[in-house]
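A.B. asks: Supplied structure: upload.cif, mmCIF, C-alpha atoms.
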data_my_file
#
loop_
_atom_site.label_atom_id
_atom_site.label_comp_id
_atom_site.auth_asym_id
_atom_site.auth_seq_id
_atom_site.Cartn_x
_atom_site.Cartn_y
_atom_site.Cartn_z
CA MET M 1 0.00 0.00 0.00
CA ILE M 2 2.74 2.44 0.93
CA TRP M 3 4.61 1.72 -2.30
CA THR M 4 1.47 2.23 -4.38
CA LEU M 5 0.65 5.49 -2.61
CA GLY M 6 4.25 6.67 -2.85
CA LEU M 7 4.33 5.97 -6.58
CA TYR M 8 1.07 7.88 -7.01
CA PHE M 9 2.39 10.90 -5.11
CA PHE M 10 5.67 10.76 -7.03
CA ARG M 11 3.84 10.68 -10.35
CA ARG M 12 1.68 13.63 -9.33
CA TYR M 13 4.76 15.60 -8.28
CA MET M 14 6.67 14.91 -11.50
CA MET M 15 3.69 15.76 -13.73
CA THR M 16 3.25 19.05 -11.90
CA ALA M 17 6.98 19.73 -12.25
CA VAL M 18 6.85 19.08 -16.01
CA TRP M 19 3.94 21.49 -16.47
CA PHE M 20 5.67 24.14 -14.35
CA LEU M 21 8.88 23.76 -16.38
CA ILE M 22 6.96 24.10 -19.65
CA GLY M 23 5.08 27.14 -18.37
CA VAL M 24 8.15 28.89 -16.95
CA ALA M 25 10.18 28.12 -20.08
CA SER M 26 7.45 29.51 -22.34
CA ILE M 27 6.95 32.70 -20.36
CA THR M 28 10.70 33.22 -19.98
CA TYR M 29 11.26 32.68 -23.69
CA LEU M 30 8.63 35.24 -24.66
CA ILE M 31 9.88 37.85 -22.19
CA ASP M 32 13.54 37.38 -23.13
CA PHE M 33 12.71 37.43 -26.85
CA THR M 34 10.86 40.72 -26.45
CA GLU M 35 13.67 42.27 -24.40
CA THR M 36 16.38 41.01 -26.77
CA SER M 37 14.53 42.24 -29.84
CA GLY M 38 14.27 45.72 -28.37
CA ARG M 39 17.96 45.76 -27.50
CA TYR M 40 19.33 44.54 -30.83
CA ASP M 41 16.81 45.71 -33.44
CA SER M 42 19.05 48.64 -34.43
CA LEU M 43 22.10 46.45 -35.15
CA PRO M 44 22.97 45.46 -38.76
CA GLY M 45 23.07 41.75 -37.88
CA TYR M 46 19.57 41.75 -36.38
CA SER M 47 17.02 39.28 -37.68
CA VAL M 48 13.97 37.64 -36.13
CA PRO M 49 15.30 34.06 -36.65
CA GLY M 50 18.63 35.15 -35.17
CA VAL M 51 16.99 36.57 -32.05
CA LEU M 52 14.81 33.45 -31.73
CA TYR M 53 17.96 31.33 -31.81
CA LEU M 54 19.82 33.61 -29.38
CA THR M 55 16.91 33.50 -26.93
CA ALA M 56 16.80 29.70 -27.15
CA LEU M 57 20.53 29.59 -26.35
CA ARG M 58 20.03 31.63 -23.19
CA LEU M 59 16.93 29.75 -22.03
CA PRO M 60 18.76 26.87 -20.24
CA LEU M 61 20.76 29.31 -18.11
CA ILE M 62 17.61 31.15 -17.04
CA LEU M 63 15.89 27.85 -16.28
CA GLN M 64 18.87 26.75 -14.20
CA GLN M 65 18.56 29.91 -12.11
CA THR M 66 14.80 29.50 -11.62
CA VAL M 67 14.77 25.77 -10.81
CA PRO M 68 14.86 26.32 -7.00
CA PHE M 69 11.71 28.44 -7.22
CA ILE M 70 10.11 25.88 -9.51
CA GLY M 71 10.80 23.24 -6.86
CA LEU M 72 9.17 25.45 -4.20
CA PHE M 73 6.02 26.13 -6.24
CA VAL M 74 5.72 22.54 -7.47
CA GLY M 75 5.85 21.26 -3.90
CA MET M 76 3.27 23.80 -2.71
CA ALA M 77 0.92 23.24 -5.66
CA THR M 78 1.04 19.45 -5.39
CA LEU M 79 0.49 19.34 -1.63
CA ILE M 80 -2.32 21.92 -1.73
CA THR M 81 -4.07 19.96 -4.49
CA LEU M 82 -3.79 16.71 -2.54
CA ASN M 83 -5.11 18.48 0.55
CA ARG M 84 -8.15 19.86 -1.25
CA LYS M 85 -9.03 16.38 -2.49
CA SER M 86 -8.60 15.03 1.07
CA GLU M 87 -5.98 12.55 -0.16
CA LEU M 88 -3.51 13.54 2.52
CA VAL M 89 -6.25 13.17 5.13
CA VAL M 90 -6.88 9.62 3.94
CA ALA M 91 -3.15 8.89 4.05
CA ARG M 92 -2.92 10.15 7.62
CA ALA M 93 -6.01 8.14 8.60
CA ALA M 94 -4.32 5.02 7.23
CA GLY M 95 -1.47 5.54 9.69
CA ILE M 96 1.07 6.88 7.20
CA SER M 97 3.33 9.49 8.77
CA VAL M 98 4.25 12.80 7.18
CA TRP M 99 7.78 11.54 6.52
CA GLN M 100 6.47 8.52 4.61
CA PHE M 101 4.20 10.44 2.23
CA MET M 102 6.77 13.26 1.90
CA ALA M 103 9.43 10.79 0.72
CA PRO M 104 8.16 10.76 -2.93
CA PHE M 105 8.26 14.56 -3.03
CA ILE M 106 11.79 14.64 -1.63
CA ILE M 107 12.91 12.01 -4.16
CA GLY M 108 11.26 13.96 -6.99
CA ALA M 109 12.92 17.21 -5.89
CA SER M 110 16.31 15.47 -5.72
CA LEU M 111 15.88 14.05 -9.23
CA LEU M 112 14.92 17.49 -10.52
CA GLY M 113 18.07 18.96 -8.97
CA ILE M 114 20.26 16.16 -10.37
CA ALA M 115 18.76 16.63 -13.85
CA THR M 116 19.49 20.36 -13.63
CA THR M 117 23.12 19.69 -12.69
CA LEU M 118 23.77 16.94 -15.25
CA VAL M 119 21.61 18.06 -18.19
CA ILE M 120 20.47 21.67 -17.99
CA ASN M 121 23.81 23.04 -16.75
CA PRO M 122 25.90 21.70 -19.68
CA LEU M 123 23.29 23.07 -22.09
CA ALA M 124 23.37 26.41 -20.26
CA ALA M 125 27.18 26.57 -20.42
CA TRP M 126 27.21 25.79 -24.13
CA GLY M 127 24.41 28.26 -24.83
CA GLN M 128 26.18 30.96 -22.83
CA ARG M 129 29.33 30.61 -24.94
CA GLN M 130 27.45 30.54 -28.24
CA GLY M 131 25.21 33.45 -27.25
CA THR M 132 28.17 35.60 -26.23
CA GLU M 133 29.82 35.02 -29.60
CA ILE M 134 26.66 35.97 -31.49
CA GLU M 135 26.13 39.12 -29.43
CA THR M 136 29.75 40.18 -29.89
CA GLN M 137 29.58 39.61 -33.65
CA TRP M 138 26.45 41.72 -33.94
CA ARG M 139 27.93 44.55 -31.88
CA GLU M 140 31.25 44.32 -33.71
CA THR M 141 29.43 44.70 -37.03
CA ALA M 142 27.81 47.85 -35.71
CA GLY M 143 31.10 49.11 -34.30
CA ARG M 144 29.74 48.97 -30.76
CA THR M 145 31.18 46.22 -28.61
CA LYS M 146 29.59 46.10 -25.19
CA PRO M 147 32.14 46.41 -22.37
CA ALA M 148 32.44 43.27 -20.27
CA PRO M 149 33.94 42.96 -16.79
CA ILE M 150 36.91 40.76 -17.69
CA PRO M 151 40.22 40.68 -15.82
CA TRP M 152 43.44 42.10 -17.25
CA LEU M 153 46.33 39.79 -18.09
CA ARG M 154 49.96 40.56 -17.32
CA GLN M 155 52.83 38.90 -19.13
CA SER M 156 56.61 39.22 -19.20
CA SER M 157 58.36 37.82 -22.24
CA ASP M 158 61.89 38.59 -23.51
CA GLY M 159 62.19 41.51 -21.10
CA ASN M 160 58.94 43.01 -22.36
CA ASP M 161 56.30 43.63 -19.69
CA VAL M 162 52.80 43.83 -21.21
CA ALA M 163 49.32 44.25 -19.75
CA LEU M 164 46.42 43.04 -21.90
CA GLY M 165 42.76 43.97 -21.67
CA ALA M 166 39.72 43.72 -23.94
CA ARG M 167 36.08 44.61 -24.19
CA ALA M 168 34.96 41.06 -25.01
CA VAL M 169 36.41 37.56 -24.86
CA LEU M 170 35.59 34.77 -27.31
CA GLU M 171 36.73 31.22 -28.06
CA ASP M 172 37.31 30.32 -24.41
CA GLY M 173 39.56 33.31 -23.84
CA THR M 174 41.94 32.91 -26.78
CA LEU M 175 40.33 35.65 -28.88
CA LEU M 176 40.17 39.19 -27.49
CA VAL M 177 37.93 41.74 -29.18
CA ASP M 178 38.86 45.45 -29.04
CA ALA M 179 42.07 44.51 -27.28
CA VAL M 180 44.40 47.00 -25.55
CA LEU M 181 48.07 46.15 -24.94
CA LEU M 182 50.18 48.38 -22.69
CA HIS M 183 53.96 47.91 -22.89
CA PHE M 184 56.08 48.96 -19.89
CA ASP M 185 59.78 49.59 -19.53
CA SER M 186 61.95 48.46 -16.60
CA ASP M 187 60.90 51.54 -14.59
CA GLY M 188 57.20 50.76 -14.99
CA ARG M 189 56.50 53.56 -17.48
CA ILE M 190 54.29 53.01 -20.53
CA ILE M 191 56.39 53.06 -23.69
CA LEU M 192 53.83 51.74 -26.17
CA ARG M 193 50.08 51.31 -26.41
CA GLN M 194 48.54 49.03 -29.02
CA ASP M 195 44.82 49.13 -29.76
CA ALA M 196 43.80 46.16 -31.87
CA ARG M 197 40.47 45.10 -33.28
CA THR M 198 41.25 41.51 -32.32
CA ALA M 199 44.08 39.68 -30.57
CA LYS M 200 44.31 35.95 -31.25
CA LEU M 201 46.54 33.76 -29.10
CA LYS M 202 48.86 31.65 -31.26
CA ASP M 203 51.79 29.43 -30.38
CA GLY M 204 54.18 31.81 -28.63
CA TYR M 205 52.65 35.12 -29.74
CA TRP M 206 49.52 37.25 -29.96
CA MET M 207 48.38 38.00 -33.51
CA LEU M 208 46.92 41.50 -33.60
CA THR M 209 44.76 42.81 -36.44
CA ASP M 210 43.94 46.42 -37.37
CA VAL M 211 46.44 47.83 -34.86
CA LEU M 212 46.82 51.46 -33.79
CA GLU M 213 50.19 52.04 -32.09
CA THR M 214 50.78 55.02 -29.82
CA ARG M 215 54.20 56.00 -28.43
CA PRO M 216 54.85 58.99 -26.14
CA GLY M 217 55.81 62.04 -28.18
CA GLU M 218 55.34 60.31 -31.57
CA ILE M 219 52.64 60.27 -34.22
CA GLN M 220 50.25 57.34 -34.09
CA THR M 221 50.79 54.61 -36.66
CA ARG M 222 48.33 52.04 -37.96
CA LEU M 223 49.27 48.51 -38.95
CA ALA M 224 47.22 45.80 -40.59
CA GLU M 225 48.84 43.14 -38.40
CA ALA M 226 51.33 42.92 -35.58
CA ARG M 227 52.81 40.20 -33.40
CA VAL M 228 53.55 40.40 -29.69
CA ALA M 229 55.63 37.61 -28.17
CA THR M 230 54.10 35.84 -25.19
CA ASN M 231 54.96 33.03 -22.82
CA LEU M 232 51.29 32.44 -22.01
CA ASN M 233 49.79 29.23 -23.27
CA GLU M 234 46.20 28.56 -24.27
CA GLU M 235 45.23 26.65 -21.13
CA PHE M 236 46.49 29.38 -18.82
CA VAL M 237 44.57 32.09 -20.66
CA GLN M 238 41.42 29.98 -20.70
CA GLN M 239 41.64 29.46 -16.94
CA ARG M 240 42.43 33.12 -16.25
CA LEU M 241 39.49 34.41 -18.30
CA ALA M 242 37.07 31.55 -17.67
CA ASN M 243 33.50 32.51 -16.77
CA PRO M 244 32.14 29.86 -14.36
CA GLU M 245 28.70 30.04 -15.96
CA SER M 246 30.21 29.05 -19.33
CA VAL M 247 31.91 25.94 -17.91
CA ALA M 248 29.86 22.74 -17.91
CA PHE M 249 29.60 20.65 -14.75
CA TYR M 250 31.59 17.81 -16.32
CA ASP M 251 34.50 20.16 -17.12
CA LEU M 252 34.69 21.93 -13.76
CA PHE M 253 36.88 19.30 -12.09
CA GLN M 254 39.51 19.50 -14.84
CA LYS M 255 39.34 23.30 -15.00
CA ILE M 256 39.95 23.57 -11.26
CA GLU M 257 42.97 21.26 -11.39
CA VAL M 258 44.46 23.12 -14.35
CA ALA M 259 43.90 26.48 -12.63
CA ARG M 260 45.71 25.24 -9.53
CA SER M 261 48.61 23.96 -11.61
CA PHE M 262 49.07 27.48 -13.00
CA GLY M 263 48.84 29.06 -9.56
CA ILE M 264 45.44 30.68 -10.28
CA ALA M 265 43.00 30.78 -7.38
CA PRO M 266 39.95 28.79 -8.59
CA HIS M 267 37.52 30.26 -6.05
CA ALA M 268 34.80 31.05 -8.60
CA LEU M 269 35.07 27.65 -10.29
CA GLU M 270 35.04 25.79 -6.97
CA THR M 271 32.02 27.77 -5.79
CA GLN M 272 30.21 26.93 -9.01
CA LEU M 273 31.08 23.25 -8.58
CA HIS M 274 29.86 23.06 -4.99
CA SER M 275 26.73 25.03 -5.89
CA LEU M 276 25.84 22.48 -8.55
CA LEU M 277 26.62 19.59 -6.21
CA SER M 278 24.41 21.10 -3.51
CA LEU M 279 21.53 21.90 -5.88
CA PRO M 280 19.62 18.62 -5.23
CA PHE M 281 19.78 19.36 -1.50
CA LEU M 282 18.63 22.93 -2.12
CA MET M 283 15.63 21.44 -3.94
CA ILE M 284 14.94 19.26 -0.89
CA ALA M 285 15.12 22.34 1.34
CA MET M 286 12.62 24.12 -0.91
CA THR M 287 10.31 21.10 -0.74
CA LEU M 288 10.48 21.03 3.05
CA ILE M 289 9.66 24.75 3.13
CA ALA M 290 6.69 24.06 0.84
CA ALA M 291 5.53 21.28 3.18
CA THR M 292 5.62 23.51 6.26
CA VAL M 293 3.00 25.84 4.73
CA SER M 294 0.92 23.37 2.69
CA LEU M 295 0.21 20.35 4.91
CA LYS M 296 -2.54 21.94 7.00
CA PHE M 297 -5.87 20.57 5.81
CA SER M 298 -8.21 23.03 4.12
CA ARG M 299 -10.94 21.87 1.76
CA ILE M 300 -11.74 25.27 0.25
CA ASN M 301 -8.76 27.56 0.51
CA GLN M 302 -5.35 27.64 2.09
CA SER M 303 -4.41 30.60 4.26
CA ARG M 304 -3.00 33.28 1.99
CA THR M 305 -0.77 34.51 4.79
CA VAL M 306 0.75 31.06 5.26
CA ILE M 307 1.32 30.58 1.52
CA LEU M 308 2.88 34.04 1.22
CA GLY M 309 5.12 33.17 4.16
CA GLY M 310 6.32 30.05 2.33
CA ILE M 311 7.06 32.03 -0.83
CA LEU M 312 8.94 34.69 1.13
CA SER M 313 10.90 32.00 3.00
CA GLY M 314 11.96 30.39 -0.27
CA PHE M 315 12.90 33.79 -1.71
CA VAL M 316 14.99 34.66 1.34
CA LEU M 317 16.76 31.29 1.12
CA TYR M 318 17.54 31.86 -2.56
CA VAL M 319 18.85 35.39 -1.94
CA VAL M 320 21.04 34.17 0.92
CA THR M 321 22.51 31.37 -1.20
CA VAL M 322 23.30 33.80 -4.04
CA LEU M 323 24.84 36.34 -1.64
CA VAL M 324 26.97 33.79 0.19
CA ARG M 325 27.98 32.26 -3.15
CA ALA M 326 29.35 35.66 -4.18
CA PHE M 327 31.50 35.65 -1.04
CA GLY M 328 32.81 32.22 -2.00
CA SER M 329 33.60 33.29 -5.57
CA SER M 330 35.59 36.27 -4.33
CA GLY M 331 37.57 34.16 -1.86
CA VAL M 332 36.12 35.80 1.27
CA MET M 333 35.04 32.39 2.56
CA PRO M 334 35.80 28.80 1.48
CA PRO M 335 33.69 27.80 -1.57
CA TYR M 336 32.32 24.66 0.06
CA VAL M 337 31.16 26.68 3.07
CA ALA M 338 29.49 29.26 0.83
CA ALA M 339 27.64 26.60 -1.15
CA TRP M 340 26.66 24.10 1.54
CA VAL M 341 26.00 26.01 4.78
CA PRO M 342 22.81 27.86 3.66
CA VAL M 343 21.40 24.66 2.16
CA VAL M 344 22.11 22.55 5.25
CA VAL M 345 20.69 25.22 7.57
CA ALA M 346 17.52 25.50 5.47
CA MET M 347 17.05 21.72 5.43
CA ALA M 348 17.51 21.57 9.20
CA LEU M 349 15.02 24.38 9.79
CA GLY M 350 12.44 22.80 7.46
CA ALA M 351 12.80 19.40 9.13
CA THR M 352 12.58 21.00 12.59
CA ILE M 353 9.36 22.85 11.76
CA LEU M 354 7.81 19.66 10.33
CA LEU M 355 8.84 17.71 13.42
CA HIS M 356 7.27 20.34 15.65
CA LYS M 357 4.03 20.44 13.68
CA GLU M 358 3.57 16.75 12.96
CA ASP M 359 5.28 14.95 15.83
CA GLY M 360 4.68 17.45 18.58
#
Take the structure from the file and write it as structure tokens.
C.D. replies:
Amino acid sequence: MIWTLGLYFFRRYMMTAVWFLIGVASITYLIDFTETSGRYDSLPGYSVPGVLYLTALRLPLILQQTVPFIGLFVGMATLITLNRKSELVVARAAGISVWQFMAPFIIGASLLGIATTLVINPLAAWGQRQGTEIETQWRETAGRTKPAPIPWLRQSSDGNDVALGARAVLEDGTLLVDAVLLHFDSDGRIILRQDARTAKLKDGYWMLTDVLETRPGEIQTRLAEARVATNLNEEFVQQRLANPESVAFYDLFQKIEVARSFGIAPHALETQLHSLLSLPFLMIAMTLIAATVSLKFSRINQSRTVILGGILSGFVLYVVTVLVRAFGSSGVMPPYVAAWVPVVVAMALGATILLHKEDG
């Protein structure tokens, strides 16, 4: 009997989750398409099919960010529906405890979190890279490349000290768009500035195209191409400029090891890894929060105050996880602490409230 009832509850939860995912994806797609169309309609590369494709590329990343809320609302909707049909009352009357009939919901939430980590995240990482390239190409065609908060690189090769920056990064960090190279002498003074349309990392040098060279006290000169020697290799540059959101879950382990081998602090990558690993448990915490506000029997209508409290609790938990994750990415606190502590605390609080309500 328990297995049959558990399977029924699990099926109800998963069907509700599928409909929520379809609804959220559809609404998100329409909103993002409208916003993207308004932002890019003046660019030469704009086209409706292109924007449709760009929006589809960004959809997995948005879904990944909204999955915790989907888990919260799915849990609340399923439990409220079962309550209104008195199915939970029947389950309690049959001697089934809250932990027994909540098990299918917890399993369903865990599977939803695992699917997000293993399936949606790799799609989101790939779509993020492809979408960035398309956006940069469109803006480059219009002569307006959007500034991006990327770190500067510093290299010393053959006695030449050079700082490199760019407005956009493509091809996993090996192609810099609107690149700026500042050359310093031994006293730390700038002796040459090179503004290039692109800087492509080759074997032992940067290949610059459409270069404007500026030297103190001299007339600017323009070159079609120029080479700047470098001792940086492709893997180092990729690690230095890597955006954690553009790295798939399966590649994070290797990226972290490579970053450590180059002496680069992988705080952001480690925080992203632990966040993805803790996502199934975050889904469980959201489900427990949903249970604390949805298990009280009400045939006609649940208390709006209680439901609003559950939504606010889930929102606060999400905000706290994002805020603490930022501390982990910046190195203020260990990444595993930033990713796991809010989730564990939320699970403990949810379980404590259920114990108090159901078991006295």
A.B. asks: I'd like the interatomic distance between CA of Val74 (chain M) and CA of His274 (chain M), to a tenth of an Å.
C.D. replies: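 Separating CA of Val74 (chain M) from CA of His274 (chain M) is a distance of 24.3 Å.
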A.B. asks: When the PyMOL selection byres ((chain M and resi 183-198) around 8) is applied to the file above, which residues end up in the set, as a ChimeraX atom specification?
C.D. replies: /M:160-163,175-182,199-200,208-216
A.B. asks: Please measure the separation of CA of Gly131 (chain M) and CA of Val24 (chain M), giving the value in Å to one decimal.
C.D. replies: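 Distance between the two atoms: 20.4 Å.
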A.B. asks: Name the residues within 7 Å of (38.4, 28.4, -4.3), counting only C-alpha atoms in the file's coordinates, and put them as a PDB file with C-alpha atoms, keeping the file's coordinate frame.
C.D. replies:
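The resulting file, part.pdb, is shown below:
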ATOM      1  CA  ALA M 265      43.000  30.780  -7.380  1.00  0.00           C
ATOM      2  CA  PRO M 266      39.950  28.790  -8.590  1.00  0.00           C
ATOM      3  CA  HIS M 267      37.520  30.260  -6.050  1.00  0.00           C
ATOM      4  CA  ALA M 268      34.800  31.050  -8.600  1.00  0.00           C
ATOM      5  CA  LEU M 269      35.070  27.650 -10.290  1.00  0.00           C
ATOM      6  CA  GLU M 270      35.040  25.790  -6.970  1.00  0.00           C
ATOM      7  CA  THR M 271      32.020  27.770  -5.790  1.00  0.00           C
ATOM      8  CA  SER M 329      33.600  33.290  -5.570  1.00  0.00           C
ATOM      9  CA  GLY M 331      37.570  34.160  -1.860  1.00  0.00           C
ATOM     10  CA  PRO M 334      35.800  28.800   1.480  1.00  0.00           C
ATOM     11  CA  PRO M 335      33.690  27.800  -1.570  1.00  0.00           C
TER      12      PRO M 335
END
A.B. asks: Select, counting all atoms listed in the file, all protein, DNA and RNA residues no farther than 12 Å from (21.7, 22.4, -11.5) in file coordinates, and express the selection as a ChimeraX atom specification.
C.D. replies: /M:60-68,71,109-125,245,248-250,272-283
A.B. asks: Would you mind reading off the distance between CA of Gly350 (chain M) and CA of Ile289 (chain M), one decimal, in Å?
C.D. replies: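 Interatomic distance, CA of Gly350 (chain M) to CA of Ile289 (chain M): 5.5 Å.
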